[in-house]
$ cat query_39.txt   # compact mmCIF, C-alpha atoms
# COMPACT_ATOMS: atom_id res chain seq x y z
CA MET H 17 47.46 -30.65 -26.19
CA ILE H 18 50.31 -31.98 -23.99
CA ASN H 19 52.19 -28.66 -24.34
CA LYS H 20 49.06 -26.72 -23.32
CA ASN H 21 48.62 -28.97 -20.27
CA ILE H 22 52.29 -28.53 -19.35
CA SER H 23 52.00 -24.74 -19.36
CA ILE H 24 48.87 -24.89 -17.15
CA ILE H 25 50.62 -27.32 -14.78
CA LYS H 26 53.69 -25.03 -14.63
CA ASN H 27 51.60 -21.96 -13.79
CA SER H 28 49.52 -23.68 -11.11
CA SER H 29 52.69 -25.24 -9.65
CA LEU H 30 54.27 -21.81 -9.33
CA VAL H 31 51.24 -20.50 -7.43
CA ILE H 32 51.12 -23.50 -5.09
CA MET H 33 54.89 -23.39 -4.56
CA ILE H 34 54.68 -19.74 -3.44
CA LEU H 35 51.72 -20.53 -1.15
CA SER H 36 53.60 -23.50 0.31
CA VAL H 37 56.66 -21.39 1.08
CA LEU H 38 54.49 -18.70 2.69
CA GLY H 39 52.65 -21.38 4.68
CA ALA H 40 55.94 -22.93 5.83
CA ILE H 41 57.27 -19.53 6.94
CA SER H 42 54.07 -18.77 8.87
CA SER H 43 54.11 -22.25 10.48
CA VAL H 44 57.68 -21.78 11.69
CA SER H 45 56.91 -18.28 12.97
CA ALA H 46 53.77 -19.58 14.72
CA GLY H 47 55.89 -22.29 16.38
CA VAL H 48 58.50 -19.76 17.51
CA TRP H 49 55.80 -17.37 18.76
CA TYR H 50 54.13 -20.22 20.64
CA TYR H 51 57.43 -21.23 22.22
CA ASN H 52 58.31 -17.68 23.29
CA ASN H 53 54.89 -16.93 24.76
CA THR H 54 54.19 -20.18 26.53
CA LYS H 55 57.52 -21.48 27.86
CA SER H 56 56.59 -20.24 31.32
CA CYS H 57 53.48 -22.50 31.57
CA GLU H 58 54.85 -25.48 33.49
CA ASN H 59 51.55 -27.31 34.03
CA MET H 60 50.70 -27.67 30.29
CA LYS H 61 54.16 -28.60 29.08
CA ASN H 62 53.09 -31.76 27.20
CA ILE H 63 50.30 -30.10 25.22
CA LEU H 64 52.48 -27.10 24.40
CA ALA H 65 55.34 -29.32 23.23
CA LYS H 66 52.89 -31.24 21.04
CA ASN H 67 51.64 -28.02 19.44
CA ILE H 68 55.16 -26.74 18.78
CA VAL H 69 56.20 -30.05 17.19
CA SER H 70 52.96 -29.99 15.16
CA TYR H 71 53.86 -26.59 13.72
CA CYS H 72 57.34 -27.88 12.82
CA LEU H 73 55.81 -30.92 11.09
CA TYR H 74 53.38 -28.69 9.18
CA ALA H 75 56.35 -26.63 8.04
CA ALA H 76 58.17 -29.82 6.93
CA ILE H 77 55.10 -30.95 4.93
CA LEU H 78 54.81 -27.54 3.28
CA ILE H 79 58.53 -27.43 2.45
CA LEU H 80 58.29 -30.88 0.82
CA ALA H 81 55.19 -29.72 -1.11
CA ALA H 82 57.06 -26.58 -2.22
CA LEU H 83 59.95 -28.78 -3.38
CA ILE H 84 57.61 -30.98 -5.45
CA PHE H 85 55.88 -28.01 -7.08
CA PHE H 86 59.20 -26.21 -7.65
CA ARG H 87 60.47 -29.26 -9.53
CA ILE H 88 57.27 -29.45 -11.57
CA PHE H 89 57.47 -25.71 -12.32
CA ARG H 90 61.12 -25.97 -13.40
CA SER H 91 60.88 -29.06 -15.61
CA GLY H 92 57.18 -29.28 -16.45
CA ARG H 93 57.35 -32.98 -15.62
CA PRO H 94 55.25 -34.11 -12.64
CA PHE H 95 56.16 -37.78 -12.88
CA THR H 96 59.77 -38.06 -11.73
CA ARG H 97 61.48 -40.39 -9.27
CA GLY H 98 62.35 -37.43 -7.02
CA ASN H 99 58.73 -36.36 -6.78
CA VAL H 100 57.65 -39.91 -5.95
CA TRP H 101 60.10 -39.90 -3.02
CA ALA H 102 58.99 -36.43 -1.91
CA VAL H 103 55.34 -37.58 -1.83
CA ARG H 104 56.43 -40.61 0.22
CA GLY H 105 58.28 -38.18 2.52
CA ILE H 106 55.05 -36.23 3.07
CA ALA H 107 53.30 -39.52 3.94
CA GLY H 108 56.12 -40.24 6.44
CA VAL H 109 55.71 -36.85 8.11
CA PHE H 110 51.94 -37.44 8.40
CA LEU H 111 52.67 -40.80 10.05
CA VAL H 112 54.92 -39.07 12.58
CA LYS H 113 52.16 -36.52 13.13
CA ALA H 114 49.69 -39.34 13.76
CA MET H 115 51.95 -40.69 16.50
CA LEU H 116 52.34 -37.31 18.21
CA PRO H 117 49.30 -37.52 20.50
CA THR H 118 50.44 -40.94 21.68
CA PHE H 119 53.88 -39.58 22.61
CA PHE H 120 52.74 -36.43 24.35
CA GLN H 121 49.29 -37.12 25.77
CA LEU H 122 49.23 -40.83 26.57
CA SER H 123 49.60 -40.29 30.28
CA GLU H 124 46.78 -37.71 30.39
CA LEU H 125 44.16 -39.12 28.02
CA GLY H 126 44.76 -42.87 27.94
CA ILE H 127 45.49 -45.21 25.01
CA LEU H 128 41.93 -45.28 23.58
CA LYS H 129 41.44 -41.55 23.14
CA THR H 130 44.99 -40.89 21.87
CA GLY H 131 44.60 -43.77 19.39
CA VAL H 132 41.42 -42.29 17.92
CA MET H 133 42.96 -38.80 17.74
CA GLY H 134 45.71 -39.93 15.38
CA THR H 135 43.56 -41.82 12.85
CA GLY H 136 42.99 -38.80 10.59
CA SER H 137 46.71 -38.32 9.96
CA ILE H 138 47.21 -42.06 9.37
CA PHE H 139 44.45 -41.96 6.76
CA ILE H 140 46.08 -38.97 5.03
CA ALA H 141 49.47 -40.74 5.15
CA VAL H 142 47.98 -43.80 3.42
CA LEU H 143 46.40 -41.55 0.77
CA PHE H 144 49.77 -39.91 0.11
CA LEU H 145 51.45 -43.32 -0.21
CA PHE H 146 48.71 -44.17 -2.67
CA PHE H 147 49.43 -41.00 -4.65
CA ALA H 148 53.11 -41.95 -4.66
CA GLU H 149 52.24 -45.26 -6.33
CA ILE H 150 50.14 -43.45 -8.96
CA MET H 151 53.04 -41.08 -9.59
CA ARG H 152 55.31 -44.08 -9.96
CA TYR H 153 52.98 -45.45 -12.60
CA GLY H 154 53.06 -42.01 -14.26
CA SER H 155 56.86 -42.02 -14.23
CA LEU H 156 56.81 -45.37 -16.08
CA LEU H 157 54.52 -43.84 -18.70
CA GLN H 158 56.78 -40.78 -18.90
CA THR H 159 59.87 -42.97 -19.47
CA GLU H 160 57.99 -44.93 -22.14
CA SER H 161 56.91 -41.71 -23.84
CA ASP H 162 60.47 -40.30 -23.76
CA GLU H 163 61.88 -43.50 -25.25
CA THR H 164 59.28 -43.46 -28.03
CA LEU H 165 59.88 -39.83 -29.04
CA MET X 6 58.00 -53.43 -11.25
CA ASP X 7 56.23 -53.26 -14.62
CA LYS X 8 53.06 -51.37 -15.51
CA LYS X 9 50.67 -54.30 -15.05
CA GLN X 10 51.98 -55.12 -11.57
CA LEU X 11 51.83 -51.47 -10.59
CA THR X 12 48.24 -51.18 -11.90
CA ARG X 13 47.22 -54.19 -9.82
CA LYS X 14 48.95 -52.67 -6.78
CA ILE X 15 47.12 -49.34 -7.30
CA GLN X 16 43.79 -51.17 -7.60
CA ARG X 17 44.50 -53.16 -4.43
CA ILE X 18 45.48 -50.05 -2.44
CA SER X 19 42.40 -48.16 -3.67
CA ARG X 20 40.14 -50.97 -2.46
CA ILE X 21 41.87 -50.97 0.94
CA SER X 22 41.61 -47.13 1.08
CA LEU X 23 37.91 -47.38 0.23
CA ILE X 24 37.32 -49.71 3.18
CA ALA X 25 39.50 -47.50 5.43
CA MET X 26 37.53 -44.43 4.33
CA VAL X 27 34.21 -46.05 5.22
CA ALA X 28 35.64 -47.13 8.60
CA TYR X 29 37.01 -43.62 9.20
CA GLY X 30 33.62 -42.06 8.34
CA ALA X 31 31.81 -44.50 10.63
CA LEU X 32 34.30 -43.74 13.43
CA ASN X 33 33.66 -40.00 13.05
CA ILE X 34 29.87 -40.43 12.98
CA PHE X 35 30.12 -42.66 16.07
CA GLY X 36 32.26 -39.97 17.75
CA MET X 37 29.64 -37.32 16.89
CA PHE X 38 26.78 -39.23 18.51
CA SER X 39 28.58 -40.76 21.46
CA GLY X 40 28.38 -37.81 23.82
CA SER X 41 31.48 -35.96 22.69
CA GLU X 42 31.96 -32.53 24.21
CA VAL X 43 30.28 -29.62 22.42
CA ARG X 44 32.33 -26.45 22.50
CA LYS X 45 30.10 -23.79 23.99
CA ASP X 46 32.18 -20.95 22.51
CA TYR X 47 31.46 -22.14 18.93
CA THR X 48 27.67 -22.35 19.25
CA LEU X 49 25.45 -19.58 18.04
CA HIS X 50 22.10 -18.87 19.69
CA ILE X 51 19.61 -17.56 17.17
CA ASP X 52 16.71 -15.45 18.37
CA HIS X 53 13.77 -16.62 16.23
CA HIS X 54 11.90 -13.31 16.58
CA ASN X 55 14.79 -11.21 15.43
CA ILE X 56 16.74 -12.95 12.66
CA LEU X 57 19.66 -10.85 11.43
CA VAL X 58 21.66 -10.98 8.19
CA ILE X 59 24.56 -12.41 10.15
CA ASP X 60 22.39 -15.37 11.25
CA ILE X 61 21.48 -16.05 7.63
CA ILE X 62 25.18 -15.92 6.63
CA TYR X 63 26.01 -18.31 9.48
CA LEU X 64 23.30 -20.76 8.41
CA ALA X 65 24.36 -20.52 4.76
CA ALA X 66 27.99 -21.21 5.71
CA PHE X 67 26.92 -24.11 7.93
CA LEU X 68 24.79 -25.62 5.13
CA ALA X 69 27.65 -25.13 2.65
CA ILE X 70 29.97 -27.03 5.02
CA PHE X 71 27.42 -29.80 5.53
CA PHE X 72 26.72 -30.33 1.82
CA SER X 73 30.42 -30.05 0.93
CA VAL X 74 31.33 -32.69 3.53
CA VAL X 75 28.66 -35.06 2.19
CA ALA X 76 29.56 -34.32 -1.46
CA GLY X 77 33.28 -34.64 -0.65
CA PHE X 78 32.73 -38.00 0.99
CA VAL X 79 30.68 -39.25 -1.98
CA THR X 80 33.29 -37.90 -4.45
CA ALA X 81 36.16 -39.55 -2.55
CA PHE X 82 34.19 -42.80 -2.51
CA MET X 83 33.56 -42.59 -6.28
CA LEU X 84 37.21 -41.68 -6.88
CA LEU X 85 38.58 -44.68 -4.99
CA ASN X 86 35.98 -46.94 -6.59
CA GLU X 87 36.96 -45.67 -10.04
CA LEU X 88 40.66 -46.15 -9.28
CA GLY X 89 39.97 -49.71 -8.17
CA ARG X 90 38.07 -50.58 -11.34
CA ARG X 91 39.98 -48.85 -14.13
CA ARG X 92 43.00 -50.20 -15.96
CA THR X 93 44.78 -46.86 -15.53
CA PRO X 94 44.52 -44.09 -12.90
CA PHE X 95 44.78 -41.42 -15.60
CA THR X 96 41.32 -40.82 -17.00
CA ARG X 97 39.22 -37.72 -17.58
CA LYS X 98 36.64 -38.83 -15.00
CA ILE X 99 39.22 -39.34 -12.22
CA SER X 100 40.80 -35.97 -13.03
CA ASN X 101 37.37 -34.27 -12.79
CA LEU X 102 36.56 -36.05 -9.51
CA LEU X 103 39.87 -34.84 -8.03
CA ARG X 104 39.12 -31.27 -9.13
CA ASN X 105 35.65 -31.44 -7.53
CA LEU X 106 37.11 -32.85 -4.31
CA GLY X 107 39.55 -29.93 -4.20
CA ALA X 108 36.69 -27.46 -4.69
CA TYR X 109 34.68 -29.04 -1.84
CA MET X 110 37.70 -28.78 0.48
CA ILE X 111 38.09 -25.08 -0.29
CA ILE X 112 34.34 -24.51 0.35
CA ILE X 113 34.60 -26.37 3.70
CA GLU X 114 37.52 -24.16 4.76
CA ILE X 115 35.79 -20.92 3.77
CA GLY X 116 32.56 -22.01 5.47
CA LYS X 117 34.46 -23.00 8.60
CA ILE X 118 36.28 -19.66 8.77
CA ILE X 119 32.94 -17.79 8.42
CA CYS X 120 31.18 -19.93 11.07
CA ILE X 121 34.00 -19.64 13.62
CA PHE X 122 34.35 -15.91 12.98
CA ILE X 123 30.64 -15.24 13.52
CA ALA X 124 30.31 -17.52 16.56
CA ALA X 125 33.60 -16.87 18.36
CA ARG X 126 34.98 -13.68 16.73
CA GLU X 127 38.28 -15.32 15.89
CA ILE X 128 39.88 -16.32 12.60
CA ARG X 129 41.17 -19.88 12.39
CA VAL X 130 42.80 -21.07 9.18
CA ASP X 131 43.58 -24.76 8.67
CA LEU X 132 45.40 -26.49 5.85
CA PHE X 133 42.15 -27.54 4.12
CA TRP X 134 42.24 -24.74 1.54
CA PHE X 135 45.80 -25.72 0.70
CA ALA X 136 44.84 -29.40 0.35
CA GLY X 137 42.05 -28.28 -2.01
CA LEU X 138 44.52 -26.33 -4.15
CA VAL X 139 46.95 -29.26 -4.20
CA LEU X 140 44.13 -31.58 -5.31
CA TYR X 141 43.28 -29.13 -8.07
CA ALA X 142 46.94 -29.14 -9.19
CA PHE X 143 46.92 -32.96 -9.03
CA SER X 144 43.83 -32.99 -11.26
CA LEU X 145 45.86 -31.09 -13.87
CA VAL X 146 48.71 -33.56 -13.42
CA PHE X 147 46.24 -36.39 -13.97
CA ARG X 148 45.09 -34.73 -17.17
CA TYR X 149 48.71 -34.71 -18.32
CA GLY X 150 48.94 -38.39 -17.28
CA LYS X 151 45.87 -39.10 -19.40
CA ASP X 152 47.70 -37.72 -22.45
CA LEU X 153 50.75 -39.86 -21.63
CA GLN X 154 48.51 -42.91 -21.26
CA LYS X 155 46.94 -42.20 -24.65
CA LEU X 156 50.42 -41.92 -26.22
CA SER X 157 51.45 -45.19 -24.59
CA ASP X 158 48.29 -46.97 -25.79
CA GLU X 159 48.76 -45.69 -29.34
CA THR X 160 52.38 -46.88 -29.35
CA LEU X 161 51.55 -50.43 -28.27

$ encode --input "query_39.txt" --output "structure tokens"
Amino acid sequence: MINKNISIIKNSSLVIMILSVLGAISSVSAGVWYYNNTKSCENMKNILAKNIVSYCLYAAILILAALIFFRIFRSGRPFTRGNVWAVRGIAGVFLVKAMLPTFFQLSELGILKTGVMGTGSIFIAVLFLFFAEIMRYGSLLQTESDETL
Amino acid sequence: MDKKQLTRKIQRISRISLIAMVAYGALNIFGMFSGSEVRKDYTLHIDHHNILVIDIIYLAAFLAIFFSVVAGFVTAFMLLNELGRRRTPFTRKISNLLRNLGAYMIIIEIGKIICIFIAAREIRVDLFWFAGLVLYAFSLVFRYGKDLQKLSDETL
């Protein structure tokens, strides 16, 4: 049963890894395209900078996701210390993304509106931290299982 | 940190996440009804005397989004509640709830793409479909975790 699950996990990880890499490439190219086509707009500099940084952060999230799924595909083990740290890394990037509106649009929109705008990303960051803890629990079980066998 | 401590920590975080989720939902509902701007370019005006197939597709996509959002919210609520109550996060029920949540996210993304395409003639793809796929992969990982948990329980 475990072996069957491992092969399913490996296959789905490969698919998601490829999609993550493609997504990261398209995010970076979208950021570059945005930069090249909009650098002349002086009056919207803050919003444009926020969008470009957003694309870069999306790319970082997707690269971290690709790394996690590459590791799972290679070893067939989802619960490793490295993956726990990578999931925490994704949570960190989401936290940075939550702070973006505050950095770039505080002067235009005011503290109340920028604060509300970032709550979604904070919520996702907390969920990822939560997943990291579950993965940590899984890694304890994995170590226990390895020691028993 | 041993398994018991970690289990307690997971249960604590899931309770906090549950409260945060309710607050987040309430904040969004409040935002919806408190005179937020409606984007005119994303609204579709349906002529009641001349309903076309495209209007039916738009309505179907809109209803799919609506029911998926509600079902997703309920599933997430049940998931966090289950995580807060169980001794282990790796159970069949939690794995199935994660898979369903992933499916709802993919439906929301597809519905959103259809609605925006019909109303504004542009294609906008978010990361929701990807999050749905990741949740599906996580549900498989949780199934693997369930087997590990069973092994661990049998050993002790």

$ atom_distance --input "query_39.txt" --atom1 "atom CA of Val103 of chain H" --atom2 "atom CA of Tyr50 of chain H"
28.4 Å

$ closest_atom_pairs --input "query_39.txt" --of "chain X" --to "chain H" --cutoff "8 Å" --atoms "only C-alpha atoms" --output "JSON lines"
{"residue": "X:Lys8", "atom": "CA", "partner": "H:Tyr153", "partner_atom": "CA", "distance": 6.6}
{"residue": "X:Leu11", "atom": "CA", "partner": "H:Tyr153", "partner_atom": "CA", "distance": 6.5}
{"residue": "X:Thr12", "atom": "CA", "partner": "H:Tyr153", "partner_atom": "CA", "distance": 7.5}
{"residue": "X:Ile15", "atom": "CA", "partner": "H:Glu149", "partner_atom": "CA", "distance": 6.6}
{"residue": "X:Ile18", "atom": "CA", "partner": "H:Phe146", "partner_atom": "CA", "distance": 6.7}
{"residue": "X:Ser19", "atom": "CA", "partner": "H:Phe146", "partner_atom": "CA", "distance": 7.5}
{"residue": "X:Ser22", "atom": "CA", "partner": "H:Leu143", "partner_atom": "CA", "distance": 7.4}
{"residue": "X:Ala25", "atom": "CA", "partner": "H:Phe139", "partner_atom": "CA", "distance": 7.5}
{"residue": "X:Met26", "atom": "CA", "partner": "H:Phe139", "partner_atom": "CA", "distance": 7.7}
{"residue": "X:Tyr29", "atom": "CA", "partner": "H:Thr135", "partner_atom": "CA", "distance": 7.7}
{"residue": "X:Pro94", "atom": "CA", "partner": "H:Ile150", "partner_atom": "CA", "distance": 6.9}
{"residue": "X:Leu138", "atom": "CA", "partner": "H:Ile32", "partner_atom": "CA", "distance": 7.2}
{"residue": "X:Val139", "atom": "CA", "partner": "H:Ile32", "partner_atom": "CA", "distance": 7.2}
{"residue": "X:Ala142", "atom": "CA", "partner": "H:Ser28", "partner_atom": "CA", "distance": 6.3}
{"residue": "X:Leu145", "atom": "CA", "partner": "H:Ile25", "partner_atom": "CA", "distance": 6.1}
{"residue": "X:Val146", "atom": "CA", "partner": "H:Pro94", "partner_atom": "CA", "distance": 6.6}
{"residue": "X:Arg148", "atom": "CA", "partner": "H:Asn21", "partner_atom": "CA", "distance": 7.4}
{"residue": "X:Tyr149", "atom": "CA", "partner": "H:Asn21", "partner_atom": "CA", "distance": 6.1}
{"residue": "X:Gly150", "atom": "CA", "partner": "H:Gly154", "partner_atom": "CA", "distance": 6.3}
{"residue": "X:Asp152", "atom": "CA", "partner": "H:Ile18", "partner_atom": "CA", "distance": 6.5}
{"residue": "X:Leu153", "atom": "CA", "partner": "H:Leu157", "partner_atom": "CA", "distance": 6.2}
{"residue": "X:Gln154", "atom": "CA", "partner": "H:Leu157", "partner_atom": "CA", "distance": 6.6}
{"residue": "X:Leu156", "atom": "CA", "partner": "H:Ser161", "partner_atom": "CA", "distance": 6.9}
{"residue": "X:Ser157", "atom": "CA", "partner": "H:Ser161", "partner_atom": "CA", "distance": 6.5}
{"residue": "X:Thr160", "atom": "CA", "partner": "H:Thr164", "partner_atom": "CA", "distance": 7.8}

$ atom_distance --input "query_39.txt" --atom1 "atom CA of Lys14 of chain X" --atom2 "atom CA of Val100 of chain H"
15.5 Å

$ atom_distance --input "query_39.txt" --atom1 "atom CA of Val130 of chain X" --atom2 "atom CA of Ala66 of chain X"
15.2 Å

$ residues_near_point --input "query_39.txt" --point "(27.9, -26.3, 7.4)" --cutoff "12 Å" --atoms "only C-alpha atoms" --output "list in words"
Ile62, Tyr63, Leu64, Ala65, Ala66, Phe67, Leu68, Ala69, Ile70, Phe71, Phe72, Ser73, Val74, Val75, Tyr109, Ile112, Ile113, Glu114, Ile115, Gly116, Lys117, Ile118, Ile119, Cys120 and Ile121 of chain X

$ write_last_selection --input "query_39.txt" --atoms "C-alpha atoms" --output "CSV table (one decimal), in the frame of the given file"
chain,number,residue,atom,x,y,z
X,62,ILE,CA,25.2,-15.9,6.6
X,63,TYR,CA,26.0,-18.3,9.5
X,64,LEU,CA,23.3,-20.8,8.4
X,65,ALA,CA,24.4,-20.5,4.8
X,66,ALA,CA,28.0,-21.2,5.7
X,67,PHE,CA,26.9,-24.1,7.9
X,68,LEU,CA,24.8,-25.6,5.1
X,69,ALA,CA,27.6,-25.1,2.6
X,70,ILE,CA,30.0,-27.0,5.0
X,71,PHE,CA,27.4,-29.8,5.5
X,72,PHE,CA,26.7,-30.3,1.8
X,73,SER,CA,30.4,-30.0,0.9
X,74,VAL,CA,31.3,-32.7,3.5
X,75,VAL,CA,28.7,-35.1,2.2
X,109,TYR,CA,34.7,-29.0,-1.8
X,112,ILE,CA,34.3,-24.5,0.4
X,113,ILE,CA,34.6,-26.4,3.7
X,114,GLU,CA,37.5,-24.2,4.8
X,115,ILE,CA,35.8,-20.9,3.8
X,116,GLY,CA,32.6,-22.0,5.5
X,117,LYS,CA,34.5,-23.0,8.6
X,118,ILE,CA,36.3,-19.7,8.8
X,119,ILE,CA,32.9,-17.8,8.4
X,120,CYS,CA,31.2,-19.9,11.1
X,121,ILE,CA,34.0,-19.6,13.6

$ closest_residue --input "query_39.txt" --among "X:Ala136, X:Arg129, X:Thr93, X:Ile111" --to "Lys151 of chain X" --atoms "all atoms listed in the file"
X:Thr93

$ residues_around --input "query_39.txt" --residues "Phe82 of chain X" --least-positions-apart "4" --cutoff "7 Å" --atoms "all atoms listed in the file" --output "ChimeraX atom specification"
/X:23,78,86

$ build_atoms --input "query_39.txt" --residues "segment 9-27 of chain X" --atoms "N, CA and C atoms" --output "CSV table (one decimal), in the coordinates of the input"
chain,number,residue,atom,x,y,z
X,9,LYS,N,51.8,-53.5,-15.4
X,9,LYS,CA,50.7,-54.3,-15.0
X,9,LYS,C,50.7,-54.5,-13.5
X,10,GLN,N,51.9,-54.9,-13.0
X,10,GLN,CA,52.0,-55.1,-11.6
X,10,GLN,C,51.6,-53.9,-10.8
X,11,LEU,N,52.1,-52.7,-11.3
X,11,LEU,CA,51.8,-51.5,-10.6
X,11,LEU,C,50.3,-51.1,-10.6
X,12,THR,N,49.7,-51.4,-11.8
X,12,THR,CA,48.2,-51.2,-11.9
X,12,THR,C,47.5,-52.0,-10.9
X,13,ARG,N,47.9,-53.3,-10.8
X,13,ARG,CA,47.2,-54.2,-9.8
X,13,ARG,C,47.4,-53.7,-8.4
X,14,LYS,N,48.7,-53.2,-8.1
X,14,LYS,CA,49.0,-52.7,-6.8
X,14,LYS,C,48.1,-51.4,-6.5
X,15,ILE,N,47.9,-50.5,-7.5
X,15,ILE,CA,47.1,-49.3,-7.3
X,15,ILE,C,45.7,-49.7,-7.0
X,16,GLN,N,45.2,-50.7,-7.8
X,16,GLN,CA,43.8,-51.2,-7.6
X,16,GLN,C,43.6,-51.8,-6.2
X,17,ARG,N,44.6,-52.5,-5.8
X,17,ARG,CA,44.5,-53.2,-4.4
X,17,ARG,C,44.5,-52.1,-3.3
X,18,ILE,N,45.4,-51.1,-3.5
X,18,ILE,CA,45.5,-50.0,-2.4
X,18,ILE,C,44.2,-49.2,-2.4
X,19,SER,N,43.6,-49.0,-3.6
X,19,SER,CA,42.4,-48.2,-3.7
X,19,SER,C,41.3,-48.9,-3.0
X,20,ARG,N,41.2,-50.2,-3.1
X,20,ARG,CA,40.1,-51.0,-2.5
X,20,ARG,C,40.3,-50.9,-0.9
X,21,ILE,N,41.6,-51.0,-0.5
X,21,ILE,CA,41.9,-51.0,0.9
X,21,ILE,C,41.5,-49.6,1.5
X,22,SER,N,41.9,-48.5,0.7
X,22,SER,CA,41.6,-47.1,1.1
X,22,SER,C,40.1,-46.9,1.2
X,23,LEU,N,39.4,-47.5,0.2
X,23,LEU,CA,37.9,-47.4,0.2
X,23,LEU,C,37.3,-47.9,1.5
X,24,ILE,N,37.8,-49.1,1.9
X,24,ILE,CA,37.3,-49.7,3.2
X,24,ILE,C,37.7,-48.8,4.4
X,25,ALA,N,39.0,-48.3,4.3
X,25,ALA,CA,39.5,-47.5,5.4
X,25,ALA,C,38.7,-46.2,5.5
X,26,MET,N,38.3,-45.7,4.3
X,26,MET,CA,37.5,-44.4,4.3
X,26,MET,C,36.2,-44.6,5.0
X,27,VAL,N,35.5,-45.8,4.6
X,27,VAL,CA,34.2,-46.0,5.2
X,27,VAL,C,34.3,-46.2,6.7
